[in-house]
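In what follows, a structure is listed as C-alpha cells, so that the remarks can point back to it.
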Amino acid sequence: MNYHITHRTLYEYAAPVSVSHHVARLEPRATNTQTRESFSLRIFPEPALRKERIDYFGNQLCFFAIQEIHSKLEIITSSRVTVLPKNTEQNESAAPWESVAEMFRDPVSPEVVDAYQFVFDSPQVRASRELAEYARESFGQETPLLVGARDLTRRIFEDFKFDPKATNVATPLEEVWEKRRGVCQDFAHLGIACLRSLGLPARYVSGYLRTHPPAGKPRLVGADASHAWFRVFCPGTGWVDFDPTNNVQPAEEHIIVAYGRDYGDVSPVAGILTGGGAHEVKVSVDVEPLE
C-alpha cells in the first residue's frame with residue numbers, strides 16, 4: 001500500500017518567543033516492510049540552525065533553533081511511504097512465553113542482547129506485581145508468546161475505554177490503570193508494562209494509522225492522527241506488532257515513524273523556549289492512500 005502523509009503542527013503563543021530550540025521525530029522509518037520514498041520537513045519561521053542525525057534507537061531526528069522573535073511556530077512534513085503486507089496470523093508454534101522470559105535473565109545470549117534493553121523499566125513505564133497478575137490471565141502455563149500477546153491486546157481493548165479527555169501526554173500509567181480509560185499512548189504503555197512485568201522485552205512504536213470514513217462519506221483531509229502501539233520480541237521471528245487501541249495486529253494501514261522505550265523517546269516534537277507564556281497546539285494529519 002502506498003501513502004502520501006501530511007503532518008502539520010502549529011504552536012500559537014500568548015506572548016512573543018525570543019528564542020527556541022526543538023527536536024522533531026517525524027520522518028517515517030525504513031524497515032523490511034516499509035519503504036520511505038521521499039520526505040520533506042518545512043519550518044516557519046526559518047530556523048537559524050538546523051541539523052539532522054540518527055538517535056540511539058535508529059530514529060531520524062531534526063534539531064533546529066529559531067533565534068528571532070516569533071508568536072507562532074509551524075512544522076509541516078510531507079512523506080511518501082510504501083507499506084508491504086505482513087503475516088499477522090497467530091503463531092501457535094511460537095516459543096512458550098516462559099522460555100522466552102528465561103532467555104532474558106542473566107546470562108543473556110548475544111543473539112538477544114539488543115532486545116534485552118527493552119525488558120527494564122523506563123521513565124514512563126514501570127513493571128509491577130499488579131500488572132504481572134493482569135498479564136498472566138493471557139499468559140497461562142506454556143502459552144505461546146504471540147498467542148498470549150494477542151490475547152493481552154484483546155483484553156486491553158475490552159477492559160479500557162478510549163477517552164481523549166481522560167489523559168494527556170504527562171498522565172502516569174498508574175492513573176490510566178485506575179481510571180480504565182485513555183488513548184493510544186496509554187494503551188501502548190500499558191501493554192508494554194504488562195509484558196515487562198513478566199520479564200518479556202517490549203517497546204513503544206509511534207506512527208500513523210490510515211482511517212476509513214463512514215460508508216458513503218468522503219475522506220476528510222487532515223482528520224487522521226498520530227498513533228501508537230507496542231512490539232514484543234519473539235525469538236526466531238523478531239519484533240511483532242500489536243495495537244491494543246483497535247485490537248489488531250498492525251499490517252498495511254499502520255505507518256511506523258519511531259521506536260523507543262516509551263513515549264518520551266519518540267515524542268514527535270519537543271523543545272525549550274524563552275517567553276511565549278501559555279500556548280495552543282493544533283495538529284492535523286492526513287494519510288492519503290495512493291493508487
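Each chain in the C-alpha cells gets a letter, A, B, ..., in the order shown, and its residues are numbered from 1; ligands are numbered from 1 in order too.
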key: Shell of 10 Å around Arg29 of chain A, only C-alpha atoms, local chain residues under 4 positions omitted, as a list of chain:residue names   = A:Gln34, A:Thr35, A:Arg36, A:Gly58, A:Asn59, A:Gln60, A:Val81, A:Gly207, A:Ile255, A:Ile256, A:Val257, A:Ala258, A:Tyr259
Using only C-alpha atoms, what does the table of segment 73-115 of chain A residues within 12 Å of segment 285-290 of chain A look like, with each row giving the shortest atom pair and its distance in Å to one decimal, sorted by chain and ascending number, as a tab-separated table?
residue	atom	partner	partner_atom	distance
A:Ile75	CA	A:Val285	CA	11.8
A:Ile76	CA	A:Val285	CA	9.8
A:Thr77	CA	A:Val285	CA	9.6
A:Ser78	CA	A:Asp286	CA	9.6
A:Ser79	CA	A:Val287	CA	9.5
A:Arg80	CA	A:Leu290	CA	9.4
A:Val81	CA	A:Pro289	CA	9.7
A:Thr82	CA	A:Leu290	CA	9.6
A:Val83	CA	A:Pro289	CA	10.7
Would you save the residues from that selection as a compact mmCIF listing (two decimals), in the first residue's frame, using N, CA and C atoms?
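Generated file (again-v6.txt):
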# COMPACT_ATOMS: atom_id res chain seq x y z
N ILE A 75 5.25 23.56 11.76
CA ILE A 75 6.09 22.49 11.24
C ILE A 75 5.23 21.64 10.31
N ILE A 76 5.66 21.49 9.07
CA ILE A 76 4.89 20.75 8.08
C ILE A 76 5.78 19.68 7.46
N THR A 77 5.35 18.43 7.52
CA THR A 77 6.10 17.36 6.86
C THR A 77 5.25 16.74 5.76
N SER A 78 5.94 16.24 4.75
CA SER A 78 5.29 15.54 3.65
C SER A 78 6.09 14.27 3.38
N SER A 79 5.42 13.12 3.39
CA SER A 79 6.10 11.83 3.23
C SER A 79 5.38 10.99 2.19
N ARG A 80 6.15 10.22 1.46
CA ARG A 80 5.59 9.17 0.59
C ARG A 80 6.19 7.85 1.06
N VAL A 81 5.29 6.92 1.41
CA VAL A 81 5.72 5.68 2.06
C VAL A 81 5.00 4.50 1.41
N THR A 82 5.72 3.40 1.27
CA THR A 82 5.13 2.15 0.82
C THR A 82 5.20 1.14 1.96
N VAL A 83 4.04 0.58 2.31
CA VAL A 83 3.98 -0.42 3.37
C VAL A 83 3.65 -1.77 2.74
task = Using only C-alpha atoms, determine which residues lie at most 7 Å from segment 152-162 of chain A, disregarding the query and same-chain residues fewer than 4 positions distant; provide the list as a list in words.
result = Ala135, Ser138, Gly148, Arg180, Arg181, Gly182, Val183, Phe242, Asp243, Pro244, Thr245, Asn246 and Asn247 of chain A
Keeping N, CA and C atoms for every residue in the selection just given, could you write it to a file as a tab-separated table (two decimals), in the first residue's frame?
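What landed in result.tsv:
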chain	number	residue	atom	x	y	z
A	135	ALA	N	-1.49	-9.54	33.40
A	135	ALA	CA	-0.96	-10.16	32.19
A	135	ALA	C	-1.07	-11.67	32.22
A	138	SER	N	-3.60	-13.79	30.41
A	138	SER	CA	-3.38	-14.09	28.99
A	138	SER	C	-2.23	-15.06	28.78
A	148	GLY	N	-0.30	-15.30	23.63
A	148	GLY	CA	-0.53	-14.52	24.83
A	148	GLY	C	-0.59	-13.04	24.55
A	180	ARG	N	-9.13	3.25	34.04
A	180	ARG	CA	-9.53	2.31	32.99
A	180	ARG	C	-9.95	3.04	31.71
A	181	ARG	N	-9.27	4.13	31.41
A	181	ARG	CA	-9.55	4.86	30.18
A	181	ARG	C	-8.33	5.67	29.78
A	182	GLY	N	-8.25	6.01	28.49
A	182	GLY	CA	-7.11	6.76	28.00
A	182	GLY	C	-7.10	6.76	26.48
A	183	VAL	N	-5.91	6.93	25.89
A	183	VAL	CA	-5.75	6.99	24.44
A	183	VAL	C	-4.67	6.01	24.02
A	242	PHE	N	1.53	-5.13	17.92
A	242	PHE	CA	0.16	-5.29	18.41
A	242	PHE	C	-0.40	-3.92	18.73
A	243	ASP	N	-1.66	-3.70	18.34
A	243	ASP	CA	-2.34	-2.41	18.54
A	243	ASP	C	-3.53	-2.61	19.47
A	244	PRO	N	-3.36	-2.34	20.78
A	244	PRO	CA	-4.47	-2.56	21.71
A	244	PRO	C	-5.59	-1.54	21.60
A	245	THR	N	-5.34	-0.39	20.98
A	245	THR	CA	-6.40	0.61	20.81
A	245	THR	C	-7.48	0.08	19.87
A	246	ASN	N	-7.08	-0.70	18.89
A	246	ASN	CA	-8.01	-1.21	17.88
A	246	ASN	C	-8.14	-2.72	17.87
A	247	ASN	N	-7.41	-3.40	18.77
A	247	ASN	CA	-7.44	-4.86	18.85
A	247	ASN	C	-7.07	-5.51	17.51
List every residue of segment 203-252 of chain A that has an atom at most 10 Å from any atom of segment 94-104 of chain A, and for each one report the closest atom pair and its distance in Å to one decimal, counting only C-alpha atoms, with rows sorted by chain and then by increasing residue number, as JSON lines.
{"residue": "A:Phe233", "atom": "CA", "partner": "A:Val100", "partner_atom": "CA", "distance": 8.9}
{"residue": "A:Cys234", "atom": "CA", "partner": "A:Ala94", "partner_atom": "CA", "distance": 7.5}
{"residue": "A:Pro235", "atom": "CA", "partner": "A:Val100", "partner_atom": "CA", "distance": 7.3}
{"residue": "A:Gly236", "atom": "CA", "partner": "A:Ala94", "partner_atom": "CA", "distance": 8.5}
{"residue": "A:Thr237", "atom": "CA", "partner": "A:Ala94", "partner_atom": "CA", "distance": 8.5}
Dump as a Markdown table the rows for residues of segment 16-70 of chain A within 9 Å of segment 269-276 of chain A: closest atom pair and distance in Å with one decimal, only C-alpha atoms counted, ordered by chain and rising residue number.
| residue | atom | partner | partner_atom | distance |
| --- | --- | --- | --- | --- |
| A:Pro16 | CA | A:Gly276 | CA | 5.2 |
| A:Val17 | CA | A:Gly275 | CA | 4.6 |
| A:Ser18 | CA | A:Thr274 | CA | 5.8 |
| A:Val19 | CA | A:Thr274 | CA | 5.6 |
| A:Ser20 | CA | A:Leu273 | CA | 4.0 |
| A:His21 | CA | A:Gly271 | CA | 5.4 |
| A:His22 | CA | A:Gly271 | CA | 4.0 |
| A:Val23 | CA | A:Ala270 | CA | 5.5 |
| A:Ala24 | CA | A:Val269 | CA | 4.5 |
| A:Arg25 | CA | A:Val269 | CA | 6.3 |
| A:Leu26 | CA | A:Val269 | CA | 7.9 |
| A:His70 | CA | A:Gly276 | CA | 8.8 |
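With distances restricted to only C-alpha atoms, A:Ala65 is the closest residue to Arg50 of chain A from A:Leu146, A:Ala166, A:Ala251, A:Ala65.
The space between atom CA of Gln117 of chain A and atom CA of Arg203 of chain A spans 9.5 Å.
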ask   = Could you work out how far atom CA of Arg261 of chain A lies from atom CA of Ser122 of chain A, giving the answer in Å with one decimal?
value =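 Answer for the atom CA of Ser122 of chain A to atom CA of Arg261 of chain A separation: 6.2 Å.
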inquiry  = Which residues are near Leu198 of chain A? Cut-off 9 Å, only C-alpha atoms, ignore same chain within fewer than 2 positions. Put them as a list in words.
reply    = Trp97, Glu98, Ala101, Val119, Ala127, Leu131, Ala132, Glu133, Ala135, Arg136, Ala193, Cys194, Leu195, Arg196, Leu200 and Pro201 of chain A
Prev. selection, N, CA and C atoms, output as a PDB file, in the first residue's frame:
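Full text of selection07.pdb as output:
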ATOM      1  N   TRP A  97       5.955 -18.544  26.443  1.00  0.00           N
ATOM      2  CA  TRP A  97       6.436 -17.265  26.954  1.00  0.00           C
ATOM      3  C   TRP A  97       7.445 -17.450  28.080  1.00  0.00           C
ATOM      4  N   GLU A  98       7.315 -18.526  28.895  1.00  0.00           N
ATOM      5  CA  GLU A  98       8.250 -18.731  29.992  1.00  0.00           C
ATOM      6  C   GLU A  98       9.671 -18.938  29.487  1.00  0.00           C
ATOM      7  N   ALA A 101      11.057 -15.551  28.365  1.00  0.00           N
ATOM      8  CA  ALA A 101      11.459 -14.741  29.521  1.00  0.00           C
ATOM      9  C   ALA A 101      12.759 -15.249  30.116  1.00  0.00           C
ATOM     10  N   VAL A 119      13.574  -4.893  28.379  1.00  0.00           N
ATOM     11  CA  VAL A 119      12.974  -5.638  29.484  1.00  0.00           C
ATOM     12  C   VAL A 119      12.824  -4.750  30.714  1.00  0.00           C
ATOM     13  N   ALA A 127       7.284  -1.750  35.624  1.00  0.00           N
ATOM     14  CA  ALA A 127       6.686  -3.052  35.902  1.00  0.00           C
ATOM     15  C   ALA A 127       6.124  -3.071  37.317  1.00  0.00           C
ATOM     16  N   LEU A 131       0.382  -5.522  37.578  1.00  0.00           N
ATOM     17  CA  LEU A 131       0.323  -5.664  36.124  1.00  0.00           C
ATOM     18  C   LEU A 131       0.728  -7.068  35.686  1.00  0.00           C
ATOM     19  N   ALA A 132       1.657  -7.679  36.413  1.00  0.00           N
ATOM     20  CA  ALA A 132       2.030  -9.061  36.096  1.00  0.00           C
ATOM     21  C   ALA A 132       0.844  -9.990  36.295  1.00  0.00           C
ATOM     22  N   GLU A 133       0.075  -9.775  37.354  1.00  0.00           N
ATOM     23  CA  GLU A 133      -1.110 -10.599  37.600  1.00  0.00           C
ATOM     24  C   GLU A 133      -2.147 -10.408  36.503  1.00  0.00           C
ATOM     25  N   ALA A 135      -1.491  -9.543  33.403  1.00  0.00           N
ATOM     26  CA  ALA A 135      -0.959 -10.156  32.186  1.00  0.00           C
ATOM     27  C   ALA A 135      -1.073 -11.675  32.219  1.00  0.00           C
ATOM     28  N   ARG A 136      -0.928 -12.290  33.386  1.00  0.00           N
ATOM     29  CA  ARG A 136      -0.923 -13.756  33.472  1.00  0.00           C
ATOM     30  C   ARG A 136      -2.275 -14.363  33.104  1.00  0.00           C
ATOM     31  N   ALA A 193       4.088  -2.362  29.771  1.00  0.00           N
ATOM     32  CA  ALA A 193       4.296  -2.588  31.197  1.00  0.00           C
ATOM     33  C   ALA A 193       3.890  -4.002  31.606  1.00  0.00           C
ATOM     34  N   CYS A 194       2.802  -4.500  31.046  1.00  0.00           N
ATOM     35  CA  CYS A 194       2.365  -5.868  31.349  1.00  0.00           C
ATOM     36  C   CYS A 194       3.408  -6.882  30.898  1.00  0.00           C
ATOM     37  N   LEU A 195       3.920  -6.719  29.700  1.00  0.00           N
ATOM     38  CA  LEU A 195       4.914  -7.652  29.174  1.00  0.00           C
ATOM     39  C   LEU A 195       6.215  -7.578  29.964  1.00  0.00           C
ATOM     40  N   ARG A 196       6.671  -6.374  30.259  1.00  0.00           N
ATOM     41  CA  ARG A 196       7.905  -6.241  31.045  1.00  0.00           C
ATOM     42  C   ARG A 196       7.726  -6.778  32.453  1.00  0.00           C
ATOM     43  N   LEU A 200       9.414  -9.940  29.816  1.00  0.00           N
ATOM     44  CA  LEU A 200       9.456 -10.014  28.354  1.00  0.00           C
ATOM     45  C   LEU A 200       9.818  -8.652  27.765  1.00  0.00           C
ATOM     46  N   PRO A 201      10.626  -8.619  26.701  1.00  0.00           N
ATOM     47  CA  PRO A 201      11.009  -7.342  26.091  1.00  0.00           C
ATOM     48  C   PRO A 201       9.902  -6.769  25.221  1.00  0.00           C
TER      49      PRO A 201
END
key: alpha helix (DSSP H) residues, from DSSP on the backbone, in segment 69-183 of chain A, as a VMD selection string   = chain A and resid 97 to 103 113 to 116 129 to 136 145 to 159 173 to 179
Kindly export the residues of the current selection with C-alpha atoms, as a short mmCIF file (atom, residue, chain, number, x, y, z; two decimals), in the first residue's frame.
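Generated output (selection37.cif):
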data_model
loop_
_atom_site.label_atom_id
_atom_site.label_comp_id
_atom_site.auth_asym_id
_atom_site.auth_seq_id
_atom_site.Cartn_x
_atom_site.Cartn_y
_atom_site.Cartn_z
CA TRP A 97 6.44 -17.27 26.95
CA GLU A 98 8.25 -18.73 29.99
CA SER A 99 11.15 -19.95 27.86
CA VAL A 100 11.38 -16.54 26.16
CA ALA A 101 11.46 -14.74 29.52
CA GLU A 102 14.18 -17.14 30.66
CA MET A 103 16.35 -16.01 27.75
CA VAL A 113 21.23 -8.73 23.81
CA ASP A 114 19.79 -5.92 21.67
CA ALA A 115 16.24 -6.72 22.78
CA TYR A 116 17.41 -7.10 26.41
CA ARG A 129 3.18 -7.17 40.57
CA GLU A 130 -0.36 -5.96 39.86
CA LEU A 131 0.32 -5.66 36.12
CA ALA A 132 2.03 -9.06 36.10
CA GLU A 133 -1.11 -10.60 37.60
CA TYR A 134 -3.25 -8.90 34.96
CA ALA A 135 -0.96 -10.16 32.19
CA ARG A 136 -0.92 -13.76 33.47
CA LEU A 145 4.33 -15.93 23.33
CA LEU A 146 2.41 -14.45 20.40
CA VAL A 147 -0.83 -16.14 21.42
CA GLY A 148 -0.53 -14.52 24.83
CA ALA A 149 0.34 -11.12 23.36
CA ARG A 150 -2.66 -11.25 21.08
CA ASP A 151 -4.98 -12.09 23.97
CA LEU A 152 -3.47 -9.32 26.12
CA THR A 153 -4.15 -6.90 23.26
CA ARG A 154 -7.77 -8.02 23.13
CA ARG A 155 -8.27 -7.66 26.87
CA ILE A 156 -6.82 -4.14 26.99
CA PHE A 157 -9.17 -3.22 24.14
CA GLU A 158 -12.16 -4.64 26.02
CA ASP A 159 -11.24 -3.56 29.57
CA LEU A 173 0.37 4.86 33.85
CA GLU A 174 -0.90 4.28 37.39
CA GLU A 175 -3.71 6.78 36.76
CA VAL A 176 -4.63 5.12 33.46
CA TRP A 177 -4.80 1.78 35.27
CA GLU A 178 -7.07 3.22 37.94
CA LYS A 179 -9.41 5.11 35.57
#
inquiry  = Using DSSP secondary structure from the backbone, list all strand (DSSP E or B) positions within segment 153-238 of chain A, as a list in words.
reply    =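 Here is the list: Lys161, Phe162, Arg181, Gly182, Ala202, Arg203, Tyr204, Val205, Ser206, Gly207, Tyr208, Leu209, Ala223, Asp224, Ser226, His227, Ala228, Trp229, Phe230, Arg231, Val232, Phe233, Cys234 and Gly238 of chain A.
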query = What does the distance between atom CA of Arg53 of chain A and atom CA of Leu73 of chain A come to in Å, to one decimal place?
reply = 21.7 Å
message = Calculated over only C-alpha atoms, which of the candidates A:Arg210, A:Val248, A:His279, A:Cys62 has the smallest distance to His4 of chain A?
response =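 Once distances to His4 of chain A are computed over only C-alpha atoms, the minimum belongs to A:Arg210.
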